[in-house]
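**Q** Structure file work.pdb, PDB, C-alpha atoms, is pasted below:
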```pdb
ATOM      1  CA  MET A  12     -10.641  -7.014 -16.513
ATOM      2  CA  GLN A  13     -13.314  -4.807 -15.028
ATOM      3  CA  ARG A  14     -12.468  -1.350 -13.728
ATOM      4  CA  ARG A  15     -14.137   0.703 -11.081
ATOM      5  CA  ALA A  16     -13.371   3.911  -9.256
ATOM      6  CA  THR A  17     -11.638   3.812  -5.888
ATOM      7  CA  THR A  18     -14.278   4.134  -3.190
ATOM      8  CA  THR A  19     -14.304   4.698   0.568
ATOM      9  CA  ILE A  20     -14.029   1.529   2.649
ATOM     10  CA  GLN A  21     -15.339   1.438   6.222
ATOM     11  CA  VAL A  22     -13.017  -1.165   7.754
ATOM     12  CA  ASP A  23     -14.425  -1.046  11.297
ATOM     13  CA  ASP A  24     -15.278   1.520  13.986
ATOM     14  CA  GLY A  25     -11.613   2.474  14.310
ATOM     15  CA  LEU A  26     -10.487   2.615  10.673
ATOM     16  CA  ILE A  27     -11.776   4.080   7.440
ATOM     17  CA  MET A  28      -9.984   4.088   4.084
ATOM     18  CA  ARG A  29     -10.643   7.145   1.926
ATOM     19  CA  PRO A  30      -9.500   7.514  -1.694
ATOM     20  CA  ALA A  31      -6.147   9.303  -1.733
ATOM     21  CA  ASN A  32      -6.178  12.859  -3.071
ATOM     22  CA  THR A  33      -4.305  16.129  -2.643
ATOM     23  CA  THR A  34      -6.430  17.281   0.316
ATOM     24  CA  TYR A  35      -4.310  14.871   2.401
ATOM     25  CA  THR A  36      -0.930  16.308   1.327
ATOM     26  CA  ASN A  37      -0.156  18.207   4.550
ATOM     27  CA  ASN A  38      -1.409  15.470   6.894
ATOM     28  CA  LEU A  39       0.585  12.817   5.034
ATOM     29  CA  LEU A  40       3.654  15.030   4.980
ATOM     30  CA  GLU A  41       3.424  15.356   8.777
ATOM     31  CA  ALA A  42       3.042  11.569   9.099
ATOM     32  CA  PHE A  43       5.991  11.004   6.735
ATOM     33  CA  GLU A  44       8.204  13.288   8.805
ATOM     34  CA  GLU A  45       7.277  11.313  11.942
ATOM     35  CA  THR A  46       8.318   8.060  10.304
ATOM     36  CA  TRP A  47      11.292   9.148   8.164
ATOM     37  CA  PRO A  48      13.460   7.333   7.013
ATOM     38  CA  GLU A  49      11.280   4.183   7.285
ATOM     39  CA  VAL A  50       8.668   5.694   4.967
ATOM     40  CA  SER A  51      11.246   5.815   2.166
ATOM     41  CA  ARG A  52      11.395   2.003   2.180
ATOM     42  CA  ALA A  53       7.648   1.800   1.591
ATOM     43  CA  MET A  54       7.750   4.505  -1.083
ATOM     44  CA  PRO A  55      11.060   4.250  -2.926
ATOM     45  CA  TRP A  56       9.840   6.751  -5.527
ATOM     46  CA  ILE A  57      10.406   9.547  -2.981
ATOM     47  CA  LEU A  58      13.754  11.178  -3.691
ATOM     48  CA  PRO A  59      15.096  12.354  -0.306
ATOM     49  CA  GLU A  60      17.449  14.873  -1.911
ATOM     50  CA  LYS A  61      14.442  16.751  -3.333
ATOM     51  CA  GLU A  62      11.653  18.564  -1.508
ATOM     52  CA  ILE A  63       9.121  15.941  -0.425
ATOM     53  CA  GLU A  64       5.913  18.015  -0.484
ATOM     54  CA  PRO A  65       5.749  18.497  -4.297
ATOM     55  CA  GLN A  66       6.587  14.805  -4.846
ATOM     56  CA  LEU A  67       3.800  13.794  -2.485
ATOM     57  CA  ALA A  68       1.316  16.237  -4.048
ATOM     58  CA  ASP A  69       2.129  14.898  -7.545
ATOM     59  CA  PHE A  70       1.680  11.317  -6.316
ATOM     60  CA  LEU A  71      -1.683  12.130  -4.712
ATOM     61  CA  ASP A  72      -2.857  14.005  -7.811
ATOM     62  CA  GLU A  73      -1.946  11.036 -10.016
ATOM     63  CA  THR A  74      -3.540   8.490  -7.688
ATOM     64  CA  GLU A  75      -6.752  10.515  -7.538
ATOM     65  CA  ARG A  76      -6.952  10.760 -11.342
ATOM     66  CA  THR A  77      -6.100   7.104 -11.958
ATOM     67  CA  GLY A  78      -8.319   6.001  -9.073
ATOM     68  CA  ARG A  79     -11.362   7.627 -10.670
ATOM     69  CA  VAL A  80     -10.924   5.376 -13.729
ATOM     70  CA  GLY A  81      -9.790   2.256 -11.853
ATOM     71  CA  ARG A  82      -6.192   2.111 -13.121
ATOM     72  CA  MET A  83      -4.734   2.393  -9.598
ATOM     73  CA  HIS A  84      -6.317   2.348  -6.148
ATOM     74  CA  HIS A  85      -4.799   4.200  -3.185
ATOM     75  CA  TRP A  86      -6.362   4.982   0.148
ATOM     76  CA  VAL A  87      -5.428   7.181   3.068
ATOM     77  CA  LEU A  88      -5.956   5.267   6.310
ATOM     78  CA  ILE A  89      -7.971   7.443   8.703
ATOM     79  CA  ARG A  90      -8.992   7.143  12.340
ATOM     80  CA  PRO A  91     -12.643   8.283  12.096
ATOM     81  CA  TRP A  92     -13.182  10.019  15.455
ATOM     82  CA  ASP A  93     -10.354  12.559  15.024
ATOM     83  CA  GLU A  94      -9.572  12.265  11.285
ATOM     84  CA  ALA A  95      -5.931  11.393  12.049
ATOM     85  CA  VAL A  96      -3.959  10.045   9.092
ATOM     86  CA  LEU A  97      -2.577   6.638  10.060
ATOM     87  CA  GLY A  98      -1.026   5.550   6.769
ATOM     88  CA  LEU A  99      -1.471   4.687   3.109
ATOM     89  CA  LEU A 100      -2.393   1.560   1.210
ATOM     90  CA  GLY A 101      -2.594   1.052  -2.507
ATOM     91  CA  PHE A 102      -2.707  -1.181  -5.539
ATOM     92  CA  ASP A 103      -0.704  -0.307  -8.629
ATOM     93  CA  ARG A 104       0.270  -2.130 -11.805
ATOM     94  CA  VAL A 105       4.039  -2.280 -11.134
ATOM     95  CA  THR A 106       4.388  -6.059 -10.912
ATOM     96  CA  ARG A 107       7.455  -8.243 -11.346
ATOM     97  CA  SER A 108       6.159 -11.822 -11.369
ATOM     98  CA  GLY A 109       4.650 -11.817 -14.848
ATOM     99  CA  ILE A 110       1.571 -13.373 -13.204
ATOM    100  CA  ALA A 111      -0.092 -10.737 -11.013
ATOM    101  CA  GLU A 112      -2.297  -7.919 -12.258
ATOM    102  CA  TRP A 113      -1.834  -5.807  -9.128
ATOM    103  CA  ASN A 114       0.898  -4.969  -6.633
ATOM    104  CA  LEU A 115      -0.170  -4.173  -3.070
ATOM    105  CA  GLY A 116       1.834  -1.718  -1.000
ATOM    106  CA  TYR A 117       1.177  -0.127   2.367
ATOM    107  CA  TRP A 118       2.722   2.041   5.058
ATOM    108  CA  VAL A 119       1.606   2.880   8.621
ATOM    109  CA  ARG A 120       3.068   5.816  10.553
ATOM    110  CA  SER A 121       5.379   4.788  13.374
ATOM    111  CA  SER A 122       3.164   6.005  16.249
ATOM    112  CA  GLU A 123       0.326   3.781  14.987
ATOM    113  CA  GLN A 124       2.258   0.591  14.256
ATOM    114  CA  ARG A 125       1.687  -2.657  16.167
ATOM    115  CA  ARG A 126      -2.060  -2.040  16.406
ATOM    116  CA  GLY A 127      -3.224  -4.252  13.536
ATOM    117  CA  ILE A 128      -3.910  -1.307  11.234
ATOM    118  CA  ALA A 129      -1.966  -2.733   8.287
ATOM    119  CA  SER A 130      -3.550  -6.179   8.595
ATOM    120  CA  ARG A 131      -7.092  -4.786   8.869
ATOM    121  CA  ALA A 132      -6.591  -2.395   5.952
ATOM    122  CA  ILE A 133      -4.992  -5.079   3.754
ATOM    123  CA  GLU A 134      -7.857  -7.484   4.475
ATOM    124  CA  ALA A 135     -10.459  -4.816   3.635
ATOM    125  CA  ALA A 136      -8.671  -3.730   0.450
ATOM    126  CA  LEU A 137      -8.256  -7.302  -0.815
ATOM    127  CA  THR A 138     -11.918  -8.034  -0.088
ATOM    128  CA  TRP A 139     -12.904  -4.835  -1.958
ATOM    129  CA  LEU A 140     -10.711  -5.743  -4.939
ATOM    130  CA  ALA A 141     -12.130  -9.280  -5.045
ATOM    131  CA  GLU A 142     -15.751  -8.107  -5.302
ATOM    132  CA  LEU A 143     -15.724  -7.947  -9.106
ATOM    133  CA  GLU A 144     -13.657 -10.847 -10.394
ATOM    134  CA  PRO A 145     -10.789 -13.209  -9.624
ATOM    135  CA  VAL A 146      -7.461 -11.401  -9.631
ATOM    136  CA  SER A 147      -3.832 -12.089  -8.750
ATOM    137  CA  VAL A 148      -1.969  -9.729  -6.402
ATOM    138  CA  GLU A 149       1.731  -9.413  -5.584
ATOM    139  CA  LEU A 150       2.965  -8.408  -2.162
ATOM    140  CA  LYS A 151       6.645  -7.506  -1.958
ATOM    141  CA  VAL A 152       8.547  -7.145   1.288
ATOM    142  CA  ASP A 153      12.032  -6.236   2.394
ATOM    143  CA  PRO A 154      13.272  -9.388   4.184
ATOM    144  CA  ASN A 155      15.089  -7.123   6.694
ATOM    145  CA  ASN A 156      11.771  -5.536   7.755
ATOM    146  CA  ALA A 157      10.662  -8.097  10.365
ATOM    147  CA  ALA A 158       7.265  -6.500  11.086
ATOM    148  CA  GLY A 159       6.470  -6.046   7.395
ATOM    149  CA  LYS A 160       7.525  -9.603   6.657
ATOM    150  CA  ARG A 161       5.218 -10.950   9.392
ATOM    151  CA  THR A 162       2.300  -8.893   8.047
ATOM    152  CA  VAL A 163       2.841 -10.093   4.474
ATOM    153  CA  GLU A 164       3.322 -13.725   5.497
ATOM    154  CA  ARG A 165       0.144 -13.628   7.630
ATOM    155  CA  THR A 166      -1.801 -12.161   4.693
ATOM    156  CA  VAL A 167      -0.403 -14.791   2.316
ATOM    157  CA  ARG A 168      -1.440 -17.590   4.705
ATOM    158  CA  ARG A 169      -4.919 -16.118   5.215
ATOM    159  CA  TRP A 170      -5.506 -15.895   1.445
ATOM    160  CA  ASN A 171      -3.806 -19.246   0.643
ATOM    161  CA  GLY A 172      -1.058 -17.538  -1.326
ATOM    162  CA  SER A 173       2.514 -18.578  -1.952
ATOM    163  CA  ARG A 174       6.071 -17.337  -2.291
ATOM    164  CA  CYS A 175       6.927 -16.279  -5.856
ATOM    165  CA  VAL A 176      10.707 -16.230  -6.291
ATOM    166  CA  VAL A 177      10.490 -15.173  -9.959
ATOM    167  CA  GLY A 178       8.886 -11.924  -8.754
ATOM    168  CA  ASP A 179      11.730 -11.041  -6.377
ATOM    169  CA  SER A 180      13.247  -7.714  -7.334
ATOM    170  CA  ALA A 181      15.982  -5.411  -6.135
ATOM    171  CA  ILE A 182      14.682  -2.037  -5.007
ATOM    172  CA  THR A 183      16.939   0.946  -4.390
ATOM    173  CA  VAL A 184      16.010   3.110  -1.415
ATOM    174  CA  ALA A 185      18.236   6.045  -0.459
ATOM    175  CA  GLY A 186      21.083   4.538  -2.476
ATOM    176  CA  VAL A 187      20.846   1.072  -0.908
ATOM    177  CA  ARG A 188      19.757  -1.833  -3.089
ATOM    178  CA  THR A 189      17.843  -4.636  -1.352
ATOM    179  CA  LEU A 190      16.299  -7.740  -2.876
ATOM    180  CA  HIS A 191      12.600  -7.716  -1.950
ATOM    181  CA  GLU A 192      10.731 -10.997  -1.656
ATOM    182  CA  CYS A 193       7.590 -11.460  -3.731
ATOM    183  CA  HIS A 194       4.481 -13.337  -2.628
ATOM    184  CA  LEU A 195       1.342 -14.020  -4.674
ATOM    185  CA  ILE A 196      -2.264 -14.391  -3.705
ATOM    186  CA  GLU A 197      -5.274 -15.157  -5.858
ATOM    187  CA  ILE A 198      -8.440 -13.463  -4.716
ATOM    188  CA  ARG A 199     -11.943 -14.179  -5.925
ATOM    189  CA  PRO A 200     -15.485 -12.970  -5.351
TER     190      PRO A 200
END
```
What is this file in structure tokens?
**A**
Amino acid sequence: MQRRATTTIQVDDGLIMRPANTTYTNNLLEAFEETWPEVSRAMPWILPEKEIEPQLADFLDETERTGRVGRMHHWVLIRPWDEAVLGLLGFDRVTRSGIAEWNLGYWVRSSEQRRGIASRAIEAALTWLAELEPVSVELKVDPNNAAGKRTVERTVRRWNGSRCVVGDSAITVAGVRTLHECHLIEIRP
């Protein structure tokens, strides 16, 4: 498997993806507060009983370091004309299927949802990841999140993917355990 550093992706005139780093801590914190508690479903590693800012700063520091060496890839979704933070998207190695090399996760702040941001960013990130070699990617979704489920299912159809029941996994968010559905796509250059 080839590795490369996370790079900026110009999605279109209305969306740019910049490698996540600690300079975005305050802007992401503001976006998280706008979307709480929904953001906790997208990022179950956030412990709501603890202060969020240091958790977010640690996450961004780790993603920047691992992104430089290609072990994880996370981007902050930015609206270019005013530099507004619209969300996050990333690939990590926390997979459940036993097949995929990468897990794709994303989150869009509530005021920016229903504008195609997630779909456009996912498409751009998958295309970027596929530039080097064929790779398998998991997408997990809470079946109770109708919008997220539609986005994942549309992506799976577009990339000729499939449902992967063996990758289903229970995820605990704010003390509630929910079985998340797993889908797989194979991407290639």
**Q** With the file shown as input, list the residues that the PyMOL selection byres ((chain A and resi 41) around 12) selects, as number ranges by chain.
**A** A: 35-40, 42-47, 50, 63-64, 67, 95-98, 120-122
**Q** Taking only C-alpha atoms into account, name the residue in A:Leu140, A:Ala31, A:Leu58, A:Val87 that is nearest to Phe70 (chain A).
**A**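 Nearest candidate to Phe70 (chain A) out of A:Leu140, A:Ala31, A:Leu58, A:Val87: A:Ala31.
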**Q** Quick one: everything within 9 Å of Lys151 (chain A), counting all atoms listed in the file, minus sequence neighbours fewer than 5 positions away in the same chain. Send it as number ranges by chain.
**A** A: 114-116, 160, 163, 178-180, 191-195
**Q** Grab the CA of Thr162 (chain A) to CA of Ser130 (chain A) distance for me, in Å with one decimal place.
**A**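 These atoms are spaced 6.5 Å apart.
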**Q** Decode the PyMOL selection byres ((chain A and resi 33) around 6) for the given file into explicit residues and return them as a VMD selection string.
**A** chain A and resid 32 34 to 36 68 71 to 72
**Q** Write the residues of the preceding selection, restricted to C-alpha atoms, as an mmCIF file, in the frame of the given file.
**A**
```cif
data_model
loop_
_atom_site.group_PDB
_atom_site.id
_atom_site.type_symbol
_atom_site.label_atom_id
_atom_site.label_comp_id
_atom_site.auth_asym_id
_atom_site.auth_seq_id
_atom_site.Cartn_x
_atom_site.Cartn_y
_atom_site.Cartn_z
ATOM 1 C CA ASN A 32 -6.178 12.859 -3.071
ATOM 2 C CA THR A 34 -6.430 17.281 0.316
ATOM 3 C CA TYR A 35 -4.310 14.871 2.401
ATOM 4 C CA THR A 36 -0.930 16.308 1.327
ATOM 5 C CA ALA A 68 1.316 16.237 -4.048
ATOM 6 C CA LEU A 71 -1.683 12.130 -4.712
ATOM 7 C CA ASP A 72 -2.857 14.005 -7.811
#
```
**Q** With the file shown as input, list the residues that the PyMOL selection byres ((chain A and resi 135) around 10) selects, as a ChimeraX atom specification.
**A** /A:20-23,27-28,129-134,136-141
**Q** Which value, in Å to one decimal, gives the distance between CA of Arg90 (chain A) and CA of Thr74 (chain A)?
**A** 20.8 Å
**Q** For CA of Leu190 (chain A) and CA of Asp103 (chain A), determine how far apart the two atoms are, in Å to one decimal place.
**A**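 Value for the CA of Leu190 (chain A)-CA of Asp103 (chain A) distance: 19.4 Å.
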**Q** So that all listed atoms of region 107-122 of chain A fit with 8 Å spare on each side, what axis-aligned box centre and edge lengths in Å, to one decimal, would you give as AutoDock Vina command-line options?
**A**
```
--center_x 2.6 --center_y -3.7 --center_z 0.7 --size_x 25.8 --size_y 35.4 --size_z 47.1
```
**Q** List as a PyMOL selection string the protein and nucleic acid residues near Gly101 (chain A), meaning an atom at most 8 Å away when all atoms listed in the file are counted, but skip any in the same chain fewer than 5 places from it.
**A** chain A and resi 83-86+115-117
**Q** Output region 125-136 of chain A as a PDB file, in the coordinates of the input, making sure N, CA and C atoms are there.
**A**
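See result_9.pdb below for the written result:
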```pdb
ATOM      1  N   ARG A 125       1.933  -1.607  15.166  1.00  0.00           N
ATOM      2  CA  ARG A 125       1.687  -2.657  16.167  1.00  0.00           C
ATOM      3  C   ARG A 125       0.287  -2.587  16.766  1.00  0.00           C
ATOM      4  N   ARG A 126      -0.658  -2.118  15.963  1.00  0.00           N
ATOM      5  CA  ARG A 126      -2.060  -2.040  16.406  1.00  0.00           C
ATOM      6  C   ARG A 126      -2.990  -2.773  15.442  1.00  0.00           C
ATOM      7  N   GLY A 127      -2.417  -3.493  14.489  1.00  0.00           N
ATOM      8  CA  GLY A 127      -3.224  -4.252  13.536  1.00  0.00           C
ATOM      9  C   GLY A 127      -3.789  -3.427  12.393  1.00  0.00           C
ATOM     10  N   ILE A 128      -3.363  -2.176  12.276  1.00  0.00           N
ATOM     11  CA  ILE A 128      -3.910  -1.307  11.234  1.00  0.00           C
ATOM     12  C   ILE A 128      -3.592  -1.848   9.849  1.00  0.00           C
ATOM     13  N   ALA A 129      -2.343  -2.219   9.604  1.00  0.00           N
ATOM     14  CA  ALA A 129      -1.966  -2.733   8.287  1.00  0.00           C
ATOM     15  C   ALA A 129      -2.755  -3.988   7.947  1.00  0.00           C
ATOM     16  N   SER A 130      -2.829  -4.921   8.858  1.00  0.00           N
ATOM     17  CA  SER A 130      -3.550  -6.179   8.595  1.00  0.00           C
ATOM     18  C   SER A 130      -5.023  -5.932   8.299  1.00  0.00           C
ATOM     19  N   ARG A 131      -5.665  -5.074   9.087  1.00  0.00           N
ATOM     20  CA  ARG A 131      -7.092  -4.786   8.869  1.00  0.00           C
ATOM     21  C   ARG A 131      -7.312  -4.079   7.542  1.00  0.00           C
ATOM     22  N   ALA A 132      -6.443  -3.128   7.216  1.00  0.00           N
ATOM     23  CA  ALA A 132      -6.591  -2.395   5.952  1.00  0.00           C
ATOM     24  C   ALA A 132      -6.321  -3.307   4.756  1.00  0.00           C
ATOM     25  N   ILE A 133      -5.300  -4.151   4.844  1.00  0.00           N
ATOM     26  CA  ILE A 133      -4.992  -5.079   3.754  1.00  0.00           C
ATOM     27  C   ILE A 133      -6.173  -6.014   3.515  1.00  0.00           C
ATOM     28  N   GLU A 134      -6.704  -6.572   4.583  1.00  0.00           N
ATOM     29  CA  GLU A 134      -7.857  -7.484   4.475  1.00  0.00           C
ATOM     30  C   GLU A 134      -9.031  -6.792   3.787  1.00  0.00           C
ATOM     31  N   ALA A 135      -9.337  -5.567   4.213  1.00  0.00           N
ATOM     32  CA  ALA A 135     -10.459  -4.816   3.635  1.00  0.00           C
ATOM     33  C   ALA A 135     -10.210  -4.492   2.164  1.00  0.00           C
ATOM     34  N   ALA A 136      -8.986  -4.085   1.838  1.00  0.00           N
ATOM     35  CA  ALA A 136      -8.671  -3.730   0.450  1.00  0.00           C
ATOM     36  C   ALA A 136      -8.723  -4.954  -0.470  1.00  0.00           C
TER      37      ALA A 136
END
```
